[in-house]
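Enquirer: Structure supplied as target-v1.csv; contents: CSV, C-alpha atoms.
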chain,number,residue,atom,x,y,z
A,139,MET,CA,134.2,117.1,155.9
A,140,PHE,CA,130.5,117.0,156.4
A,141,LYS,CA,129.9,120.0,154.2
A,142,LEU,CA,132.1,118.5,151.4
A,143,SER,CA,130.2,115.3,151.6
A,144,LYS,CA,126.9,117.1,151.4
A,145,PHE,CA,128.1,119.2,148.4
A,146,THR,CA,129.3,116.1,146.6
A,147,SER,CA,126.0,114.4,147.3
A,148,LYS,CA,124.0,117.3,145.8
A,149,LYS,CA,126.4,117.4,142.8
A,150,GLN,CA,125.8,113.7,142.2
A,151,GLN,CA,122.1,114.1,142.5
A,152,ARG,CA,122.1,116.9,139.9
A,153,LEU,CA,124.3,114.7,137.6
A,154,LEU,CA,121.9,111.7,138.0
A,155,ILE,CA,118.9,114.0,137.3
A,156,TRP,CA,120.6,115.3,134.1
A,157,LEU,CA,121.5,111.8,133.0
A,158,SER,CA,118.0,110.6,133.6
A,159,MET,CA,116.6,113.4,131.6
A,160,ALA,CA,119.0,112.8,128.8
A,161,CYS,CA,118.2,109.0,128.7
A,162,ALA,CA,114.5,109.8,128.7
A,163,GLY,CA,114.9,112.1,125.8
A,164,LEU,CA,116.9,109.5,123.8
A,165,ILE,CA,114.2,106.9,124.5
A,166,VAL,CA,111.4,109.3,123.3
A,167,ILE,CA,113.4,110.0,120.1
A,168,ALA,CA,114.0,106.3,119.5
A,169,ILE,CA,110.3,105.6,120.1
A,170,LEU,CA,109.2,108.4,117.7
A,171,ILE,CA,111.6,107.1,115.0
A,172,TYR,CA,110.3,103.5,115.5
A,173,LEU,CA,106.7,104.6,115.3
A,174,SER,CA,107.4,106.7,112.2
A,175,ALA,CA,109.0,103.7,110.5
A,176,LEU,CA,105.9,101.6,111.3
A,177,ILE,CA,103.3,104.3,110.3
A,178,PHE,CA,105.3,105.3,107.2
A,179,PRO,CA,107.0,102.2,105.6
A,180,PRO,CA,110.3,102.6,103.9
A,181,LYS,CA,110.1,103.5,100.3
A,182,VAL,CA,109.8,100.9,97.5
A,183,GLN,CA,113.1,99.9,95.9
A,184,THR,CA,114.4,97.3,93.5
A,185,ALA,CA,115.1,94.0,95.2
A,186,SER,CA,118.9,93.4,95.7
A,187,LYS,CA,118.5,89.8,94.7
A,188,GLN,CA,116.2,87.6,92.6
A,189,ILE,CA,113.5,86.2,94.9
A,190,ARG,CA,112.7,82.5,94.7
A,191,PRO,CA,109.7,82.1,92.4
A,192,ILE,CA,106.3,81.0,93.8
A,193,GLY,CA,106.2,77.2,93.8
A,194,GLY,CA,104.1,74.3,94.8
A,195,ALA,CA,105.2,74.5,98.4
A,196,ASP,CA,103.8,78.0,98.8
A,197,TYR,CA,100.4,78.8,100.2
A,198,VAL,CA,98.8,81.1,97.6
A,199,LEU,CA,95.9,83.5,97.3
A,200,GLY,CA,94.7,84.9,94.0
A,201,LYS,CA,95.1,83.5,90.5
A,202,PRO,CA,97.9,80.8,90.2
A,203,GLY,CA,100.2,81.8,87.4
A,204,ALA,CA,99.1,85.5,87.3
A,205,LYS,CA,101.7,87.9,85.9
A,206,ILE,CA,101.6,90.1,89.0
A,207,LYS,CA,103.3,88.2,91.9
A,208,LEU,CA,103.5,89.3,95.5
A,209,ILE,CA,105.6,87.3,97.9
A,210,THR,CA,105.1,88.2,101.5
A,211,TYR,CA,107.1,87.2,104.6
A,212,LEU,CA,105.0,87.2,107.8
A,213,ASP,CA,105.3,86.7,111.5
A,214,PHE,CA,102.0,85.5,113.1
A,215,GLU,CA,102.8,87.4,116.3
A,216,CYS,CA,103.4,90.7,114.5
A,217,PRO,CA,100.5,93.2,114.7
A,218,PHE,CA,101.7,94.9,111.5
A,219,CYS,CA,101.6,91.6,109.7
A,220,ALA,CA,98.0,91.2,110.8
A,221,GLN,CA,97.3,94.7,109.3
A,222,PHE,CA,99.1,93.9,106.1
A,223,TYR,CA,97.5,90.5,105.8
A,224,GLN,CA,94.1,92.2,105.6
A,225,THR,CA,95.4,94.7,103.0
A,226,VAL,CA,96.7,91.9,100.8
A,227,LYS,CA,93.3,90.1,101.0
A,228,GLN,CA,91.6,93.3,99.9
A,229,ALA,CA,94.1,93.6,97.0
A,230,VAL,CA,93.3,90.0,95.9
A,231,LYS,CA,89.6,90.9,95.8
A,232,LEU,CA,90.3,93.9,93.7
A,233,TYR,CA,92.5,92.0,91.2
A,234,PRO,CA,91.3,88.4,91.2
A,235,ASP,CA,92.6,87.7,87.7
A,236,ASP,CA,95.9,89.7,87.8
A,237,LEU,CA,97.4,88.9,91.2
A,238,GLU,CA,99.0,85.8,92.8
A,239,VAL,CA,100.2,86.1,96.4
A,240,ALA,CA,102.4,83.7,98.3
A,241,PHE,CA,102.9,83.8,102.0
A,242,ARG,CA,106.1,82.6,103.6
A,243,ASN,CA,107.4,82.5,107.2
A,244,PHE,CA,109.7,84.9,109.0
A,245,PRO,CA,109.2,84.4,112.7
A,246,LEU,CA,111.1,87.1,114.6
A,247,THR,CA,113.3,86.0,117.5
A,248,THR,CA,111.8,88.8,119.6
A,249,HIS,CA,108.4,87.1,119.4
A,250,GLU,CA,108.4,84.1,121.7
A,251,GLN,CA,105.3,82.4,120.1
A,252,ALA,CA,106.0,83.2,116.4
A,253,GLU,CA,107.7,80.0,115.5
A,254,ARG,CA,105.1,77.9,117.3
A,255,LEU,CA,102.3,79.7,115.6
A,256,ALA,CA,104.0,79.2,112.2
A,257,GLU,CA,104.2,75.5,112.9
A,258,LEU,CA,100.5,75.5,113.8
A,259,ALA,CA,99.6,77.1,110.5
A,260,GLU,CA,101.8,74.8,108.5
A,261,CYS,CA,100.3,71.7,110.2
A,262,ALA,CA,96.8,73.0,109.4
A,263,GLY,CA,98.0,73.7,105.9
A,264,GLU,CA,98.6,70.0,105.2
A,265,GLN,CA,94.8,69.6,105.8
A,266,GLY,CA,94.0,72.4,103.5
A,267,LYS,CA,93.4,74.9,106.3
A,268,PHE,CA,96.4,77.2,106.2
A,269,PHE,CA,94.4,80.4,105.4
A,270,ALA,CA,91.6,79.5,107.8
A,271,VAL,CA,94.1,79.3,110.6
A,272,ALA,CA,95.9,82.4,109.4
A,273,ASP,CA,92.6,84.3,109.5
A,274,GLN,CA,92.0,83.1,113.1
A,275,LEU,CA,95.6,83.9,114.3
A,276,PHE,CA,95.6,87.4,112.9
A,277,ASP,CA,92.1,88.0,114.1
A,278,ALA,CA,93.1,86.9,117.6
A,279,GLY,CA,94.6,90.3,118.3
A,280,ASN,CA,97.4,89.3,120.5
A,281,THR,CA,98.5,86.0,119.1
A,282,ALA,CA,101.2,85.7,121.8
A,283,ARG,CA,98.3,84.7,124.1
A,284,PHE,CA,96.9,82.1,121.7
A,285,ALA,CA,96.7,79.4,124.4
A,286,ALA,CA,96.3,75.6,124.1
A,287,SER,CA,92.6,76.0,124.8
A,288,SER,CA,92.4,78.3,121.8
A,289,THR,CA,94.1,75.7,119.7
A,290,THR,CA,91.6,73.0,120.8
A,291,ALA,CA,88.7,75.3,120.0
A,292,MET,CA,90.2,76.1,116.6
A,293,ILE,CA,90.6,72.4,115.7
A,294,ALA,CA,86.9,71.8,116.5
A,295,THR,CA,85.8,74.9,114.6
A,296,LEU,CA,87.8,74.1,111.5
A,297,GLY,CA,87.2,70.4,111.4
A,298,LEU,CA,90.8,69.4,111.6
A,299,LYS,CA,91.8,65.8,112.1
A,300,ASN,CA,92.9,66.0,115.7
A,301,ASP,CA,95.3,63.1,115.7
A,302,GLN,CA,97.1,64.1,112.5
A,303,PHE,CA,97.3,67.8,113.7
A,304,ASP,CA,98.7,66.8,117.1
A,305,LYS,CA,101.2,64.5,115.6
A,306,CYS,CA,102.4,67.2,113.2
A,307,LEU,CA,102.8,69.7,116.0
A,308,GLN,CA,104.5,67.4,118.4
A,309,SER,CA,107.0,66.2,115.8
A,310,ALA,CA,107.9,69.8,114.8
A,311,LYS,CA,107.4,68.5,111.2
A,312,TYR,CA,107.7,71.9,109.6
A,313,LYS,CA,110.2,73.6,111.8
A,314,ALA,CA,113.1,73.1,109.4
A,315,ARG,CA,111.0,74.5,106.5
A,316,ILE,CA,110.0,77.6,108.6
A,317,LEU,CA,113.6,78.3,109.6
A,318,ALA,CA,114.8,77.7,106.0
A,319,GLU,CA,112.3,80.3,104.7
A,320,LYS,CA,113.6,82.7,107.3
A,321,GLN,CA,117.2,82.2,106.3
A,322,GLU,CA,116.3,82.5,102.7
A,323,ALA,CA,114.5,85.8,103.4
A,324,LYS,CA,117.6,87.1,105.2
A,325,ALA,CA,119.6,86.5,102.0
A,326,PHE,CA,117.1,88.6,100.2
A,327,GLY,CA,117.7,91.5,102.7
A,328,VAL,CA,114.7,90.9,104.9
A,329,ILE,CA,115.3,92.1,108.5
A,330,GLY,CA,111.7,92.6,109.8
A,331,THR,CA,108.1,91.9,109.0
A,332,PRO,CA,106.0,92.3,107.0
A,333,ALA,CA,108.4,92.2,104.1
A,334,SER,CA,107.1,91.8,100.5
A,335,PHE,CA,108.4,91.5,97.0
A,336,LEU,CA,106.2,92.7,94.1
A,337,ASN,CA,107.5,91.6,90.7
A,338,GLY,CA,111.1,92.4,91.7
A,339,LEU,CA,110.3,95.4,93.9
A,340,SER,CA,111.0,95.3,97.6
A,341,LEU,CA,108.2,96.6,99.8
A,342,PRO,CA,109.4,96.7,103.4
A,343,GLY,CA,106.7,97.3,106.0
A,344,ALA,CA,102.9,97.3,106.2
A,345,TYR,CA,102.1,99.2,103.0
A,346,PRO,CA,98.5,100.5,103.1
A,347,LEU,CA,96.1,99.8,100.2
A,348,ASN,CA,95.6,103.4,99.3
A,349,ASP,CA,98.1,106.1,98.5
A,350,PHE,CA,99.4,107.9,101.6
A,351,LYS,CA,101.2,111.1,102.7
A,352,ARG,CA,104.6,110.7,104.5
A,353,ALA,CA,105.7,112.6,107.5
A,354,ASP,CA,107.5,115.1,105.3
A,355,GLY,CA,104.3,115.8,103.4
A,356,SER,CA,105.3,113.9,100.2
A,357,GLN,CA,102.8,111.6,98.6
A,358,ASP,CA,103.6,107.9,98.1
A,359,LYS,CA,101.9,105.0,96.4
A,360,GLY,CA,100.0,102.4,98.3
A,361,LEU,CA,99.7,98.7,97.4
A,362,GLN,CA,96.8,99.3,95.0
A,363,SER,CA,98.7,101.8,92.9
A,364,LEU,CA,101.9,99.7,92.9
A,365,ILE,CA,99.9,96.7,91.6
A,366,GLU,CA,98.2,98.8,88.9
A,367,GLU,CA,101.6,100.0,87.8
A,368,GLN,CA,102.8,96.4,87.4
A,369,ILE,CA,99.6,95.5,85.5
A,370,GLU,CA,100.2,98.3,83.0
A,371,LYS,CA,103.8,97.2,82.6
A,372,SER,CA,102.7,93.6,81.9
A,373,ARG,CA,100.4,94.6,79.0
Written as structure tokens, how would this file's structure read?
Expert:
Amino acid sequence: MFKLSKFTSKKQQRLLIWLSMACAGLIVIAILIYLSALIFPPKVQTASKQIRPIGGADYVLGKPGAKIKLITYLDFECPFCAQFYQTVKQAVKLYPDDLEVAFRNFPLTTHEQAERLAELAECAGEQGKFFAVADQLFDAGNTARFAASSTTAMIATLGLKNDQFDKCLQSAKYKARILAEKQEAKAFGVIGTPASFLNGLSLPGAYPLNDFKRADGSQDKGLQSLIEEQIEKSR
């Protein structure tokens, strides 16, 4: 009986080792696929539905009414949104008379602070400081650790009216709007951030400014080339 028990134990150990190795291999493959998707964003495609046009409620960079319109859904806790936010700002500098960019909210449920940070930006926005706050949030590195002390310092730095700002945050004044934008984006096929729409084209992921080479060696267009294509079409 002892020998049988010992044999069974060794067999179980080998099985556990094999299962552990298999699980580790699957995890590595999943991580590689995930990182590849982040480094190489999915290819541009025609949007499945017409996106709500840029309106008065949107926070806009660039030239209002420009023919080239970029609508971007962001999560303030998303590091790839921070990366793409900087790319978009570069694009606005390159095409100040041709490009209008609107930013909308898509706080991911996996990011605990994303909704709170979106509310913070919206409350600052009613005092004309949306982009000043967005700059600070995305420059903060890990916005998940944007503590109350950081909020206090930001209010002082940006000259926000403290009472108005606090009242806005405490009442969750913009929560319904934020969640409505997220639901709207889902209807347009958005499942992650950043997600953008350029004159009817869907740009999922953090597209770089310049053209880039994909993992398979094929060349693909960056945001600058895509914008220039749209400018040519609009002439």
Enquirer: Which of these, A:Ala314, A:Ala229, A:Leu339, A:Met292, has the shortest distance to Glu366 (chain A) once you count all atoms listed in the file?
Expert: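 Closest candidate: A:Ala229.
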Enquirer: Could you please determine the separation between CA of Asp354 (chain A) and CA of Pro179 (chain A) in Å, to one decimal place?
Expert: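 Taking CA of Asp354 (chain A) and CA of Pro179 (chain A), their separation equals 12.9 Å.
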Enquirer: Show which residues sit within 8 Å of Lys311 (chain A), as number ranges by chain. Count only C-alpha atoms, and ignore same-chain residues fewer than 3 positions away.
Expert: A: 257, 261, 306-308, 314
Enquirer: Residues at most 7 Å from region 215-226 of chain A, counting all atoms listed in the file, excluding those fewer than 6 positions away in the same chain, as a ChimeraX atom specification?
Expert: /A:249,251-252,276,281-282,331-332,344-347
Enquirer: How many Å lie between CA of Asp277 (chain A) and CA of Phe303 (chain A), rounded to one decimal?
Expert: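 Those two atoms sit 20.9 Å apart.
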Enquirer: Give me, as a list in words, all polymer residues having an atom no more than 12 Å from Thr289 (chain A), counting all atoms listed in the file and skipping those fewer than 6 positions away in the same chain.
Expert: Arg254, Leu255, Leu258, Ala259, Ala262, Val271, Gln274, Leu275, Ala278, Thr281, Arg283, Thr295, Leu296, Leu298, Asn300, Phe303, Asp304 and Leu307 of chain A
Enquirer: With all atoms listed in the file as the counted atoms, please give the residues lying no more than 7 Å from Ile316 (chain A), apart from itself and same-chain residues fewer than 4 positions off, as number ranges by chain.
Expert: A: 243, 312, 320
Enquirer: Which of these, A:Lys371, A:Lys181, A:Arg315, A:Lys324, has the shortest distance to Glu260 (chain A) once you count only C-alpha atoms?
Expert: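 Looking at the shortest contact to Glu260 (chain A), the residue is A:Arg315.
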Enquirer: Tell me, in Å to one decimal, how far CA of Gln368 (chain A) is from CA of Ala272 (chain A).
Expert: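 That distance, rounded to one decimal, is 27.0 Å.
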Enquirer: Identify the residues around (109.3, 83.5, 112.8) within a radius of 7 Å, measuring from all atoms listed in the file in the coordinates stated by the file, and give them as an mmCIF file with C-alpha atoms, in the coordinates of the input.
Expert:
data_model
loop_
_atom_site.group_PDB
_atom_site.id
_atom_site.type_symbol
_atom_site.label_atom_id
_atom_site.label_comp_id
_atom_site.auth_asym_id
_atom_site.auth_seq_id
_atom_site.Cartn_x
_atom_site.Cartn_y
_atom_site.Cartn_z
ATOM 1 C CA ASP A 213 105.300 86.700 111.500
ATOM 2 C CA ASN A 243 107.400 82.500 107.200
ATOM 3 C CA PHE A 244 109.700 84.900 109.000
ATOM 4 C CA PRO A 245 109.200 84.400 112.700
ATOM 5 C CA LEU A 246 111.100 87.100 114.600
ATOM 6 C CA THR A 247 113.300 86.000 117.500
ATOM 7 C CA ALA A 252 106.000 83.200 116.400
ATOM 8 C CA GLU A 253 107.700 80.000 115.500
ATOM 9 C CA ALA A 256 104.000 79.200 112.200
#
Enquirer: Would you list the residues near (99.0, 100.0, 92.8) (no more than 12 Å away, in the coordinates of the file, using only C-alpha atoms) as a PyMOL selection string?
Expert: chain A and resi 182+206+208+226+229-230+232-233+236-237+336+345-350+358-371
Enquirer: As a PyMOL selection string, please: the residues near Pro342 (chain A) (cut-off 10 Å, only C-alpha atoms, same-chain neighbours under 5 positions excluded).
Expert: chain A and resi 175-176+179-183+210-211+327-335
Enquirer: Counting all atoms listed in the file, which of A:Asn337, A:Gln302, A:Thr184, A:Ser356 gets nearest to Lys205 (chain A)?
Expert: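 Closest to Lys205 (chain A) of all the choices is A:Asn337.
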